[in-house]
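Q: Hey, dropping data.txt in here, compact mmCIF, C-alpha atoms:
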# COMPACT_ATOMS: atom_id res chain seq x y z
CA MET A 1 -16.48 68.41 -146.42
CA LYS A 2 -17.67 67.78 -149.99
CA GLN A 3 -21.31 67.63 -148.83
CA ARG A 4 -20.91 70.89 -146.93
CA GLY A 5 -19.48 72.54 -150.07
CA ARG A 6 -22.45 71.41 -152.14
CA HIS A 7 -24.81 72.72 -149.46
CA ARG A 8 -23.09 76.11 -149.47
CA ARG A 9 -23.30 76.30 -153.28
CA ARG A 10 -27.00 75.35 -153.17
CA LYS A 11 -27.73 78.02 -150.57
CA ARG A 12 -25.80 80.60 -152.60
CA GLY A 13 -27.63 79.56 -155.76
CA GLN A 14 -30.97 80.10 -154.03
CA ALA A 15 -29.80 83.51 -152.80
CA VAL A 16 -28.70 84.51 -156.32
CA ARG A 17 -32.03 83.49 -157.84
CA ALA A 18 -33.93 85.43 -155.18
CA PHE A 19 -31.63 88.38 -155.79
CA LEU A 20 -32.26 88.26 -159.54
CA ALA A 21 -36.01 88.18 -158.93
CA GLY A 22 -35.64 91.34 -156.86
CA THR A 23 -33.48 92.90 -159.56
CA ALA A 24 -36.20 92.18 -162.14
CA LEU A 25 -38.76 93.96 -159.97
CA ALA A 26 -36.47 96.96 -159.64
CA LEU A 27 -35.87 97.05 -163.40
CA THR A 28 -39.61 96.80 -164.05
CA ALA A 29 -40.18 99.76 -161.75
CA ALA A 30 -37.47 101.66 -163.59
CA ALA A 31 -39.18 100.88 -166.89
CA THR A 32 -42.19 102.94 -165.78
CA MET A 33 -39.92 106.00 -165.75
CA ILE A 34 -38.99 105.71 -169.43
CA SER A 35 -40.06 108.84 -171.28
CA ALA A 36 -42.54 108.69 -174.12
CA SER A 37 -39.79 109.32 -176.68
CA GLN A 38 -37.63 106.55 -175.26
CA ALA A 39 -40.53 104.11 -175.17
CA THR A 40 -41.22 104.53 -178.88
CA VAL A 41 -39.97 101.71 -181.11
CA ALA A 42 -40.65 100.80 -184.70
CA ALA A 43 -44.19 99.79 -185.59
CA ASN A 44 -44.99 96.10 -185.38
CA PRO A 45 -42.86 94.42 -188.07
CA GLY A 46 -45.62 91.95 -188.91
CA THR A 47 -44.71 88.56 -190.39
CA LEU A 48 -41.61 87.23 -192.08
CA LYS A 49 -41.75 87.24 -195.88
CA PRO A 50 -40.00 84.26 -197.54
CA LEU A 51 -37.37 84.89 -200.22
CA THR A 52 -37.69 82.16 -202.81
CA SER A 53 -36.27 83.29 -206.13
CA THR A 54 -32.71 82.59 -207.20
CA ALA A 55 -32.13 86.32 -207.65
CA GLU A 56 -33.05 86.85 -203.98
CA THR A 57 -31.02 84.00 -202.48
CA THR A 58 -27.89 83.95 -204.67
CA PRO A 59 -26.43 87.10 -203.03
CA LEU A 60 -26.51 85.25 -199.70
CA ARG A 61 -24.24 82.41 -200.85
CA LEU A 62 -20.77 82.09 -199.34
CA LYS A 63 -17.65 80.67 -201.00
CA GLU A 64 -15.64 78.29 -198.82
CA SER A 65 -11.86 78.29 -198.75
CA GLN A 66 -9.48 76.42 -196.47
CA VAL A 67 -6.05 77.29 -195.14
CA PRO A 68 -3.59 74.80 -196.69
CA LYS A 69 -2.89 71.92 -194.31
CA SER A 70 0.84 72.42 -194.92
CA ALA A 71 0.60 75.95 -193.49
CA LEU A 72 -1.31 74.75 -190.42
CA ASP A 73 1.13 71.91 -189.86
CA ARG A 74 4.07 74.28 -190.21
CA LEU A 75 2.58 76.62 -187.60
CA SER A 76 1.98 73.69 -185.24
CA SER A 77 5.47 72.40 -185.80
CA GLU A 78 6.98 75.77 -184.87
CA MET A 79 4.61 76.63 -182.01
CA GLY A 80 4.31 73.19 -180.47
CA ARG A 81 1.75 70.42 -180.44
CA PRO A 82 -1.85 71.76 -180.52
CA VAL A 83 -4.20 71.07 -177.60
CA GLY A 84 -7.98 70.97 -177.17
CA VAL A 85 -10.62 72.65 -175.07
CA SER A 86 -9.95 70.65 -171.91
CA ALA A 87 -6.36 71.94 -171.70
CA VAL A 88 -7.60 75.53 -171.94
CA LEU A 89 -10.19 74.93 -169.21
CA ALA A 90 -7.54 73.37 -166.97
CA SER A 91 -5.57 76.63 -167.21
CA ALA A 92 -8.53 78.85 -166.23
CA ASP A 93 -7.16 81.43 -163.80
CA ARG A 94 -9.86 84.11 -163.82
CA THR A 95 -13.29 84.11 -162.18
CA LEU A 96 -16.63 85.66 -163.08
CA ARG A 97 -18.66 87.33 -160.31
CA ASP A 98 -22.17 86.14 -159.45
CA ALA A 99 -25.00 88.60 -159.99
CA ILE A 100 -25.17 89.28 -156.26
CA ASP A 101 -21.60 90.64 -156.48
CA CYS A 102 -22.20 92.74 -159.62
CA THR A 103 -22.55 96.50 -159.33
CA ALA A 104 -25.94 98.18 -159.67
CA GLY A 105 -24.77 99.69 -162.95
CA GLU A 106 -23.78 96.29 -164.34
CA ARG A 107 -27.14 94.79 -163.41
CA THR A 108 -29.03 97.42 -165.42
CA ALA A 109 -27.86 95.55 -168.53
CA LEU A 110 -30.14 92.63 -167.58
CA PRO A 111 -33.53 92.23 -169.31
CA VAL A 112 -36.49 93.82 -167.55
CA GLU A 113 -38.93 91.13 -168.69
CA PRO A 114 -38.55 88.17 -168.65
CA ALA A 115 -36.07 88.09 -165.78
CA ALA A 116 -32.68 86.44 -166.02
CA THR A 117 -32.34 83.29 -163.91
CA ALA A 118 -28.54 83.36 -163.91
CA ALA A 119 -26.17 86.31 -164.28
CA TYR A 120 -22.45 86.94 -163.94
CA CYS A 121 -20.15 89.92 -164.39
CA TRP A 122 -16.72 90.23 -165.97
CA ASP A 123 -13.85 91.92 -164.21
CA ALA A 124 -13.59 95.57 -165.27
CA ALA A 125 -9.79 95.56 -165.40
CA ASP A 126 -9.70 92.34 -167.42
CA THR A 127 -12.11 93.67 -170.07
CA ARG A 128 -11.16 97.36 -170.16
CA SER A 129 -10.91 98.64 -173.77
CA TRP A 130 -12.61 95.43 -175.00
CA ARG A 131 -16.21 95.19 -176.24
CA ALA A 132 -18.43 92.21 -175.46
CA GLY A 133 -19.59 90.22 -178.48
CA ALA A 134 -21.28 86.91 -179.18
CA VAL A 135 -21.82 83.86 -176.95
CA THR A 136 -21.99 80.17 -177.83
CA THR A 137 -21.85 77.04 -175.67
CA SER A 138 -21.14 73.34 -175.61
CA GLY A 139 -24.91 73.04 -176.04
CA ASP A 140 -24.30 74.21 -179.61
CA ALA A 141 -21.22 72.04 -180.03
CA ASP A 142 -22.71 68.66 -179.20
CA ASP A 143 -26.23 67.33 -178.87
CA ASP A 144 -25.61 66.12 -175.30
CA GLY A 145 -24.70 69.64 -174.21
CA LEU A 146 -21.17 68.64 -173.20
CA TRP A 147 -17.76 68.84 -174.82
CA GLY A 148 -16.20 65.64 -173.56
CA ALA A 149 -17.09 65.76 -169.88
CA ASN A 150 -17.31 69.55 -169.68
CA ARG A 151 -19.99 72.20 -169.84
CA VAL A 152 -18.44 75.18 -171.61
CA ILE A 153 -19.43 78.75 -172.47
CA LEU A 154 -17.48 80.77 -175.05
CA SER A 155 -17.65 84.56 -174.79
CA ALA A 156 -16.19 86.76 -177.57
CA TRP A 157 -14.58 90.18 -177.02
CA SER A 158 -13.02 92.62 -179.48
CA ARG A 159 -10.84 95.70 -179.60
CA THR A 160 -11.63 98.27 -182.25
CA GLY A 161 -9.02 99.27 -184.79
CA THR A 162 -8.27 99.09 -188.49
CA THR A 163 -5.42 96.61 -188.23
CA ALA A 164 -4.31 94.03 -185.69
CA ASP A 165 -1.27 96.12 -184.77
CA ASP A 166 -3.47 99.18 -184.12
CA GLY A 167 -5.84 97.35 -181.80
CA GLY A 168 -8.16 95.40 -184.09
CA LEU A 169 -8.10 92.18 -182.11
CA ALA A 170 -10.61 89.50 -181.12
CA ARG A 171 -10.38 87.02 -178.26
CA VAL A 172 -12.63 84.41 -176.68
CA ALA A 173 -13.03 83.53 -173.01
CA PHE A 174 -13.23 79.75 -172.61
CA VAL A 175 -15.47 79.48 -169.55
CA ASP A 176 -15.57 76.36 -167.37
CA ALA A 177 -19.30 76.08 -166.62
CA ASN A 178 -19.27 72.73 -164.84
CA ASP A 179 -20.12 74.54 -161.59
CA LEU A 180 -22.57 77.35 -162.33
CA GLY A 181 -21.86 78.68 -158.85
CA ARG A 182 -18.26 79.40 -159.82
CA LEU A 183 -17.41 80.17 -163.44
CA THR A 184 -13.71 80.34 -164.29
CA TYR A 185 -12.13 81.17 -167.64
CA SER A 186 -8.99 81.62 -169.73
CA TRP A 187 -8.40 83.88 -172.76
CA VAL A 188 -7.76 82.56 -176.29
CA LEU A 189 -6.74 84.98 -179.06
CA LEU A 190 -8.37 84.43 -182.46
CA ALA A 191 -5.70 84.51 -185.16
CA VAL A 192 -5.19 84.08 -188.90
CA PRO A 193 -2.08 82.24 -190.23
CA VAL A 194 0.17 84.31 -192.50
CA ASP A 195 3.46 83.81 -194.35
CA ASP A 196 2.51 80.25 -195.29
CA GLY A 197 2.22 79.25 -191.63
CA HIS A 198 5.45 80.83 -190.39
CA ASP A 199 3.50 83.45 -188.40
CA PHE A 200 0.01 84.63 -187.49
CA ARG A 201 -1.86 87.91 -187.10
CA GLY A 202 -4.87 88.83 -184.99
CA LEU A 203 -8.40 88.60 -186.38
CA VAL A 204 -9.87 92.03 -187.06
CA SER A 205 -13.54 91.64 -186.21
CA GLN A 206 -16.17 92.74 -183.74
CA VAL A 207 -17.33 89.07 -183.47
CA SER A 208 -21.00 89.97 -183.26
CA GLY A 209 -21.76 86.39 -184.28
CA MET A 210 -20.17 83.11 -183.15
CA VAL A 211 -21.32 79.48 -183.25
CA TRP A 212 -19.47 76.41 -181.98
CA TYR A 213 -20.66 73.34 -183.89
CA GLN A 214 -18.96 69.96 -183.54
CA ASN A 215 -15.21 70.66 -183.57
CA LYS A 216 -15.46 73.98 -185.44
CA LEU A 217 -15.98 77.55 -184.30
CA LEU A 218 -17.50 79.95 -186.86
CA VAL A 219 -17.16 83.68 -186.19
CA THR A 220 -18.17 86.81 -188.06
CA ALA A 221 -15.39 88.75 -189.76
CA SER A 222 -16.81 92.26 -189.87
CA GLY A 223 -13.49 94.06 -190.35
CA ASP A 224 -11.43 91.53 -192.28
CA GLY A 225 -11.89 92.39 -195.96
CA GLY A 226 -14.11 90.18 -198.08
CA ASP A 227 -14.20 87.33 -195.58
CA ALA A 228 -17.66 86.95 -194.04
CA LEU A 229 -16.92 84.12 -191.60
CA TYR A 230 -13.75 82.56 -190.24
CA VAL A 231 -13.54 78.91 -189.27
CA TYR A 232 -11.51 77.63 -186.31
CA ASP A 233 -10.69 74.05 -185.32
CA MET A 234 -11.21 73.53 -181.57
CA ASP A 235 -8.56 70.81 -181.57
CA ARG A 236 -5.88 73.20 -182.87
CA VAL A 237 -5.39 75.52 -179.89
CA GLN A 238 -1.75 76.68 -179.63
CA ARG A 239 0.06 77.86 -176.52
CA ALA A 240 1.52 81.39 -176.36
CA THR A 241 5.04 81.24 -174.90
CA VAL A 242 5.76 84.96 -174.42
CA ASP A 243 3.58 87.27 -172.32
CA SER A 244 3.58 90.62 -174.14
CA SER A 245 1.28 93.01 -176.00
CA ALA A 246 2.64 91.82 -179.35
CA VAL A 247 0.84 89.39 -181.65
CA GLY A 248 2.60 86.59 -183.50
CA ARG A 249 6.23 85.53 -183.65
CA VAL A 250 8.45 87.53 -181.30
CA ARG A 251 11.97 87.16 -179.93
CA GLY A 252 11.94 84.09 -177.72
CA GLY A 253 8.69 82.56 -179.01
CA TRP A 254 5.08 83.49 -179.66
CA SER A 255 2.89 86.21 -178.16
CA ALA A 256 -0.91 86.58 -178.10
CA HIS A 257 -1.40 90.06 -176.64
CA GLY A 258 -1.43 88.72 -173.09
CA ALA A 259 -3.62 85.67 -173.74
CA GLN A 260 -2.35 82.24 -172.77
CA TRP A 261 -3.61 80.59 -175.94
CA VAL A 262 -3.97 81.17 -179.69
CA LEU A 263 -6.59 79.70 -182.04
CA PRO A 264 -5.48 79.97 -185.71
CA ALA A 265 -8.13 79.96 -188.45
CA VAL A 266 -8.36 76.86 -190.64
CA GLY A 267 -10.68 78.33 -193.26
CA SER A 268 -13.13 81.06 -194.17
CA TYR A 269 -16.31 81.83 -196.08
CA ARG A 270 -16.20 84.82 -198.42
CA LEU A 271 -18.93 87.04 -199.79
CA THR A 272 -19.87 86.65 -203.44
CA ASP A 273 -19.59 89.44 -206.00
CA ALA A 274 -23.34 89.34 -206.62
CA ALA A 275 -25.27 92.59 -206.26
CA GLY A 276 -26.92 92.79 -202.87
CA ALA A 277 -24.49 90.39 -201.19
CA ALA A 278 -25.10 90.38 -197.44
CA ARG A 279 -22.48 89.92 -194.74
CA PRO A 280 -23.74 87.71 -191.87
CA ASP A 281 -23.55 90.08 -188.90
CA TYR A 282 -25.19 87.86 -186.26
CA LEU A 283 -25.24 84.07 -185.90
CA SER A 284 -26.86 81.28 -183.91
CA LEU A 285 -27.44 77.53 -184.19
CA ASP A 286 -30.80 75.88 -184.85
CA ARG A 287 -30.99 72.23 -183.76
CA SER A 288 -34.71 71.99 -184.57
CA THR A 289 -34.00 71.71 -188.31
CA ALA A 290 -32.83 68.64 -190.22
CA PRO A 291 -29.92 68.90 -190.73
CA ASP A 292 -28.83 71.34 -188.01
CA SER A 293 -28.43 74.82 -189.47
CA LEU A 294 -26.46 78.02 -189.05
CA VAL A 295 -28.79 81.00 -188.63
CA ALA A 296 -27.67 84.45 -189.81
CA SER A 297 -28.98 87.99 -190.00
CA GLU A 298 -27.71 91.27 -191.42
CA TRP A 299 -27.56 94.64 -189.71
CA VAL A 300 -29.81 97.32 -191.24
CA SER A 301 -30.11 100.62 -189.41
CA GLY A 302 -33.49 101.43 -187.94
CA ASP A 303 -33.34 104.69 -189.94
CA ASP A 304 -32.91 102.80 -193.21
CA ASP A 305 -35.91 102.22 -195.47
CA ARG A 306 -34.65 98.74 -196.41
CA ASP A 307 -36.00 95.57 -194.83
CA ALA A 308 -33.46 93.29 -193.13
CA ARG A 309 -32.76 89.71 -194.22
CA VAL A 310 -32.54 86.61 -192.03
CA TRP A 311 -31.51 83.24 -193.41
CA ARG A 312 -29.91 79.87 -192.70
CA TYR A 313 -27.30 77.48 -194.11
CA ASP A 314 -27.36 73.71 -193.60
CA PHE A 315 -24.40 72.08 -191.91
CA SER A 316 -22.67 69.27 -193.79
CA ALA A 317 -23.65 65.69 -192.99
CA ASP A 318 -20.31 64.42 -194.31
CA PRO A 319 -18.24 63.14 -191.34
CA ARG A 320 -15.10 64.28 -193.18
CA ARG A 321 -16.44 67.84 -193.03
CA SER A 322 -17.46 68.03 -189.39
CA GLY A 323 -18.60 71.49 -188.35
CA LEU A 324 -18.50 72.92 -191.89
CA LEU A 325 -21.39 74.17 -193.99
CA ALA A 326 -22.89 72.02 -196.71
CA THR A 327 -21.47 73.13 -200.06
CA GLY A 328 -22.32 72.40 -203.65
CA SER A 329 -20.51 72.90 -206.94
CA GLY A 330 -17.76 75.48 -206.79
CA GLY A 331 -17.56 75.24 -202.99
CA TYR A 332 -20.55 77.54 -202.40
CA ALA A 333 -22.68 77.28 -199.27
CA ARG A 334 -26.24 77.78 -200.47
CA VAL A 335 -29.06 79.28 -198.48
CA ALA A 336 -31.56 76.77 -197.08
CA ASP A 337 -34.23 79.35 -196.12
CA ALA A 338 -34.33 83.13 -196.29
CA TYR A 339 -36.78 85.82 -195.22
CA VAL A 340 -37.09 89.58 -194.95
CA THR A 341 -38.24 91.29 -191.78
CA LYS A 342 -39.40 94.85 -191.19
CA ALA A 343 -37.69 94.73 -187.77
CA ALA A 344 -34.88 96.99 -189.01
CA GLY A 345 -32.33 97.87 -186.36
CA SER A 346 -32.38 94.32 -185.04
CA GLY A 347 -29.18 92.58 -184.02
CA PRO A 348 -29.01 89.14 -182.39
CA VAL A 349 -31.00 86.39 -184.07
CA LEU A 350 -32.27 83.00 -182.92
CA SER A 351 -34.44 80.48 -184.73
CA TYR A 352 -36.12 77.45 -183.15
CA ASP A 353 -39.20 75.43 -184.14
CA SER A 354 -40.08 77.86 -186.97
CA GLN A 355 -40.03 80.84 -184.58
CA TRP A 356 -37.53 83.64 -185.14
CA TYR A 357 -36.36 85.86 -182.28
CA LEU A 358 -34.74 89.22 -183.07
CA GLY A 359 -33.18 91.56 -180.54
CA ARG A 360 -33.44 95.28 -181.29
CA ALA A 361 -30.96 97.65 -179.67
CA ALA A 362 -32.11 100.51 -177.48
CA GLY A 363 -32.62 103.87 -179.14
CA THR A 364 -30.83 105.62 -176.30
CA ASP A 365 -27.57 104.67 -174.59
CA GLY A 366 -28.22 103.00 -171.26
CA ASP A 367 -31.83 102.18 -172.14
CA HIS A 368 -33.31 98.73 -172.77
CA GLY A 369 -34.00 97.21 -176.17
CA THR A 370 -36.80 95.11 -177.66
CA LEU A 371 -37.05 91.37 -178.35
CA TRP A 372 -39.39 90.44 -181.22
CA ARG A 373 -40.70 86.98 -182.08
CA GLN A 374 -41.74 86.46 -185.69
CA ASN A 375 -42.81 83.72 -188.06
CA THR A 376 -44.38 83.55 -191.51
CA SER A 377 -48.01 83.37 -190.40
CA THR A 378 -48.69 85.47 -187.28
CA PRO A 379 -47.79 89.12 -186.56
CA ALA A 380 -44.66 89.75 -184.52
CA LYS A 381 -44.90 89.97 -180.74
CA ALA A 382 -42.72 91.73 -178.19
CA THR A 383 -42.72 91.64 -174.40
CA ARG A 384 -44.27 94.66 -172.69
CA CYS A 385 -43.20 95.89 -169.27
CA GLY A 386 -43.69 98.77 -166.87
CA THR A 387 -46.95 100.58 -166.19
CA ASP A 388 -46.81 102.26 -169.58
CA GLU A 389 -46.51 98.86 -171.32
CA THR A 390 -43.33 99.85 -173.14
CA ARG A 391 -41.68 97.28 -175.40
CA ASN A 392 -38.22 98.36 -174.19
CA CYS A 393 -37.83 95.30 -171.99
CA TRP A 394 -34.80 93.49 -173.41
CA SER A 395 -31.12 94.06 -172.73
CA GLY A 396 -29.89 97.20 -174.47
CA GLU A 397 -26.55 96.08 -175.97
CA SER A 398 -26.95 92.33 -176.42
CA GLU A 399 -25.35 90.96 -179.60
CA SER A 400 -26.09 87.29 -179.18
CA LEU A 401 -28.87 84.76 -178.54
CA SER A 402 -27.56 81.23 -177.97
CA TYR A 403 -30.06 78.46 -177.13
CA TRP A 404 -28.73 75.60 -174.98
CA GLU A 405 -31.30 73.01 -176.02
CA GLN A 406 -30.41 70.49 -173.31
CA THR A 407 -31.13 72.95 -170.48
CA GLY A 408 -33.75 75.09 -172.22
CA ASP A 409 -31.79 78.28 -171.52
CA VAL A 410 -30.92 81.18 -173.81
CA TRP A 411 -27.50 82.74 -173.10
CA SER A 412 -26.49 86.29 -173.97
CA GLN A 413 -24.33 89.11 -172.71
CA SER A 414 -24.49 92.87 -172.57
CA GLY A 415 -21.72 95.18 -171.42
CA ARG A 416 -19.86 93.28 -168.70
CA THR A 417 -22.87 91.09 -167.84
CA LEU A 418 -23.29 87.47 -168.98
CA PHE A 419 -26.79 86.10 -168.37
CA ALA A 420 -29.23 83.27 -169.08
CA LEU A 421 -32.99 82.73 -168.96
CA PRO A 422 -35.31 79.95 -170.15
CA LEU A 423 -36.61 80.14 -173.72
CA ALA A 424 -39.93 79.05 -172.25
CA SER A 425 -40.07 82.21 -170.13
CA ILE A 426 -39.40 84.32 -173.24
CA ASP A 427 -42.30 82.62 -175.02
CA ARG A 428 -44.60 83.06 -172.00
CA SER A 429 -43.75 86.76 -171.84
CA LEU A 430 -44.68 87.10 -175.50
CA GLY A 431 -48.09 85.51 -175.01
Kindly transcribe the structure held in the file into structure tokens.
A:
Amino acid sequence: MKQRGRHRRRKRGQAVRAFLAGTALALTAAATMISASQATVAANPGTLKPLTSTAETTPLRLKESQVPKSALDRLSSEMGRPVGVSAVLASADRTLRDAIDCTAGERTALPVEPAATAAYCWDAADTRSWRAGAVTTSGDADDDGLWGANRVILSAWSRTGTTADDGGLARVAFVDANDLGRLTYSWVLLAVPVDDGHDFRGLVSQVSGMVWYQNKLLVTASGDGGDALYVYDMDRVQRATVDSSAVGRVRGGWSAHGAQWVLPAVGSYRLTDAAGAARPDYLSLDRSTAPDSLVASEWVSGDDDRDARVWRYDFSADPRRSGLLATGSGGYARVADAYVTKAAGSGPVLSYDSQWYLGRAAGTDGDHGTLWRQNTSTPAKATRCGTDETRNCWSGESESLSYWEQTGDVWSQSGRTLFALPLASIDRSLG
């Protein structure tokens, strides 16, 4: 029976790959219908320009602070013993659909060129009123690509609002990816301890950037005051005991707006007061540097005359600071490398082997975006597709590029579609 199951999964996997190849052809044909105005993107952004002076890099520093251990221990004592990732995966009670079961509208979110080699869709009812954000994986977390014995994908979602009570919430789907033919997941609400650990509130952030490194999860804090990044400990997941729309302590226990689990922040990185301070809007991990580094970029509108900045921070090599950034005097995380790019309007960022990849959103809703590759010595390149050779070949709303080094795949998501494709195919498409 087990052999037959594997055979069925293999046959289905072959069918999905063939289906995705057909989808890519259909999207390429659709690209030929893009109007001249839609096909226009910014002029070639050229090369990356290094930022080397102290005046240029100081505004990019971040100040580290940690939630007092007493507050975290108090929250654990009142909520119950924390658990880890494996317990969350064991509770997975929701399933993603394979690409072959996605709607035609959902599949339009896939890149035109290069084609996705794996794609899944989220349930509309389960994600209604939530916006898809960043993706990270166990390939970021550990150099063997596994967390314990598990392959895991984390997918961030947010609800807009000015406060947690008004709908400003962020949650993460912990996806069991051990069987790529059947992805299951469970929701975890991102929270911030308050009242000295007697309660928690929801994180107010779009979570356009998220990186899981060692036992820490770093996420962007776009709507949470002066905090630029929040830090979460993956071994401190708490169980919600009351199923309601409330967040925090409620009569009879603890509620996480319908999620089974809560992940309370253990620290944060704040912006400096320096002129020109930049909030990291997008994140990824670079394992090709020594030490491993956190890659960041800022959002600058394509209509702005400013160039955008991309930069990186080194992770700490101190085993007592696993998953945290390297800091110097005063608890500041200094910039390891920084550059400016003329690819304004870009969102997701990825760096690997001295190449920088920047995703630019579509200029029109429902259209496809552009994926640039830049470095410091050769002009930027972008994939072209369709008979008119448009550069609008990438997913239109993608906010994340996460490279799973062990498999060679880049993971991202757009709308209700989660997808992957080899980094090698991206490079081939760029020439």
Q: Which distance in Å separates CA of Thr47 (chain A) and CA of Ala362 (chain A), to one decimal?
A: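 Distance between the two atoms: 21.6 Å.
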Q: Of the residues A:Ala308, A:Ala173, A:Arg74, A:Gly46, which is the one nearest to Leu89 (chain A), using only C-alpha atoms?
A: A:Ala173
Q: Please identify all polymer residues within 7 Å of region 203-216 of chain A, counting all atoms listed in the file, omitting same-chain residues fewer than 2 positions from it, and present them as a ChimeraX atom specification.
A: /A:133-137,140-142,156,158,163-164,168-170,190-192,201,218-224,231-235,281-285,322-323,399-400
Q: Can you work out which one of A:Arg384, A:Arg171, A:Arg306, A:Arg320 has the shortest atom-to-atom distance to Glu113 (chain A), counting all atoms listed in the file?
A: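 So, comparing all the options, the nearest one is A:Arg384.
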Q: Residues at most 8 Å from region 239-245 of chain A, counting all atoms listed in the file, excluding those fewer than 2 positions away in the same chain, as a PyMOL selection string?
A: chain A and resi 79-80+82+237+247+250+252-262
Q: Just checking: using only C-alpha atoms, which residue out of A:Leu110, A:Ala71, A:Arg416, A:Pro264 ends up closest to Gly369 (chain A)?
A: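 Nearest to Gly369 (chain A): A:Leu110.
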Q: So that I can see what lies close to Phe174 (chain A), please list as a ChimeraX atom specification the residues with an atom at most 9 Å from it, counting all atoms listed in the file and leaving out residues fewer than 5 positions away in the same chain.
A: /A:85,88-89,92,152-155,184-188
Q: Nearest to Asp123 (chain A) among A:Thr376, A:Thr417, A:Thr52, A:Asn178, with distances taken over only C-alpha atoms: which residue is it?
A: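 The answer is A:Thr417, which sits nearest to Asp123 (chain A).
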Q: Point out the residue among A:Tyr332, A:Trp299, A:Phe315, A:Tyr120 with the least atom-to-atom distance to Gly181 (chain A), counting all atoms listed in the file.
A: A:Tyr120
Q: Would you list the residues near (-30.7, 73.2, -176.9) (no more than 12 Å away, in the coordinates of the file, using only C-alpha atoms) as number ranges by chain?
A: A: 136-146, 284-289, 292, 350-353, 401-411, 422-424
Q: For the selection you just gave me, I'd like the residues written to a file as a short mmCIF file (atom, residue, chain, number, x, y, z; two decimals), keeping the file's coordinate frame, keeping C-alpha atoms.
A:
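After the write, selection-v9.cif holds the following:
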data_model
loop_
_atom_site.label_atom_id
_atom_site.label_comp_id
_atom_site.auth_asym_id
_atom_site.auth_seq_id
_atom_site.Cartn_x
_atom_site.Cartn_y
_atom_site.Cartn_z
CA THR A 136 -21.99 80.17 -177.83
CA THR A 137 -21.85 77.04 -175.67
CA SER A 138 -21.14 73.34 -175.61
CA GLY A 139 -24.91 73.04 -176.04
CA ASP A 140 -24.30 74.21 -179.61
CA ALA A 141 -21.22 72.04 -180.03
CA ASP A 142 -22.71 68.66 -179.20
CA ASP A 143 -26.23 67.33 -178.87
CA ASP A 144 -25.61 66.12 -175.30
CA GLY A 145 -24.70 69.64 -174.21
CA LEU A 146 -21.17 68.64 -173.20
CA SER A 284 -26.86 81.28 -183.91
CA LEU A 285 -27.44 77.53 -184.19
CA ASP A 286 -30.80 75.88 -184.85
CA ARG A 287 -30.99 72.23 -183.76
CA SER A 288 -34.71 71.99 -184.57
CA THR A 289 -34.00 71.71 -188.31
CA ASP A 292 -28.83 71.34 -188.01
CA LEU A 350 -32.27 83.00 -182.92
CA SER A 351 -34.44 80.48 -184.73
CA TYR A 352 -36.12 77.45 -183.15
CA ASP A 353 -39.20 75.43 -184.14
CA LEU A 401 -28.87 84.76 -178.54
CA SER A 402 -27.56 81.23 -177.97
CA TYR A 403 -30.06 78.46 -177.13
CA TRP A 404 -28.73 75.60 -174.98
CA GLU A 405 -31.30 73.01 -176.02
CA GLN A 406 -30.41 70.49 -173.31
CA THR A 407 -31.13 72.95 -170.48
CA GLY A 408 -33.75 75.09 -172.22
CA ASP A 409 -31.79 78.28 -171.52
CA VAL A 410 -30.92 81.18 -173.81
CA TRP A 411 -27.50 82.74 -173.10
CA PRO A 422 -35.31 79.95 -170.15
CA LEU A 423 -36.61 80.14 -173.72
CA ALA A 424 -39.93 79.05 -172.25
#
Q: Which residues are close to Gly331 (chain A), i.e. within 7 Å by only C-alpha atoms, leaving aside same-chain residues fewer than 4 positions away? Reply as a list in words.
A: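 These residues fall inside the cut-off: Lys63, Glu64 and Thr327 of chain A.
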Q: As an exercise, work out the distance from CA of Asp179 (chain A) to CA of Arg151 (chain A) in Å and give it to one decimal place.
A: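 Interatomic distance here is 8.6 Å.
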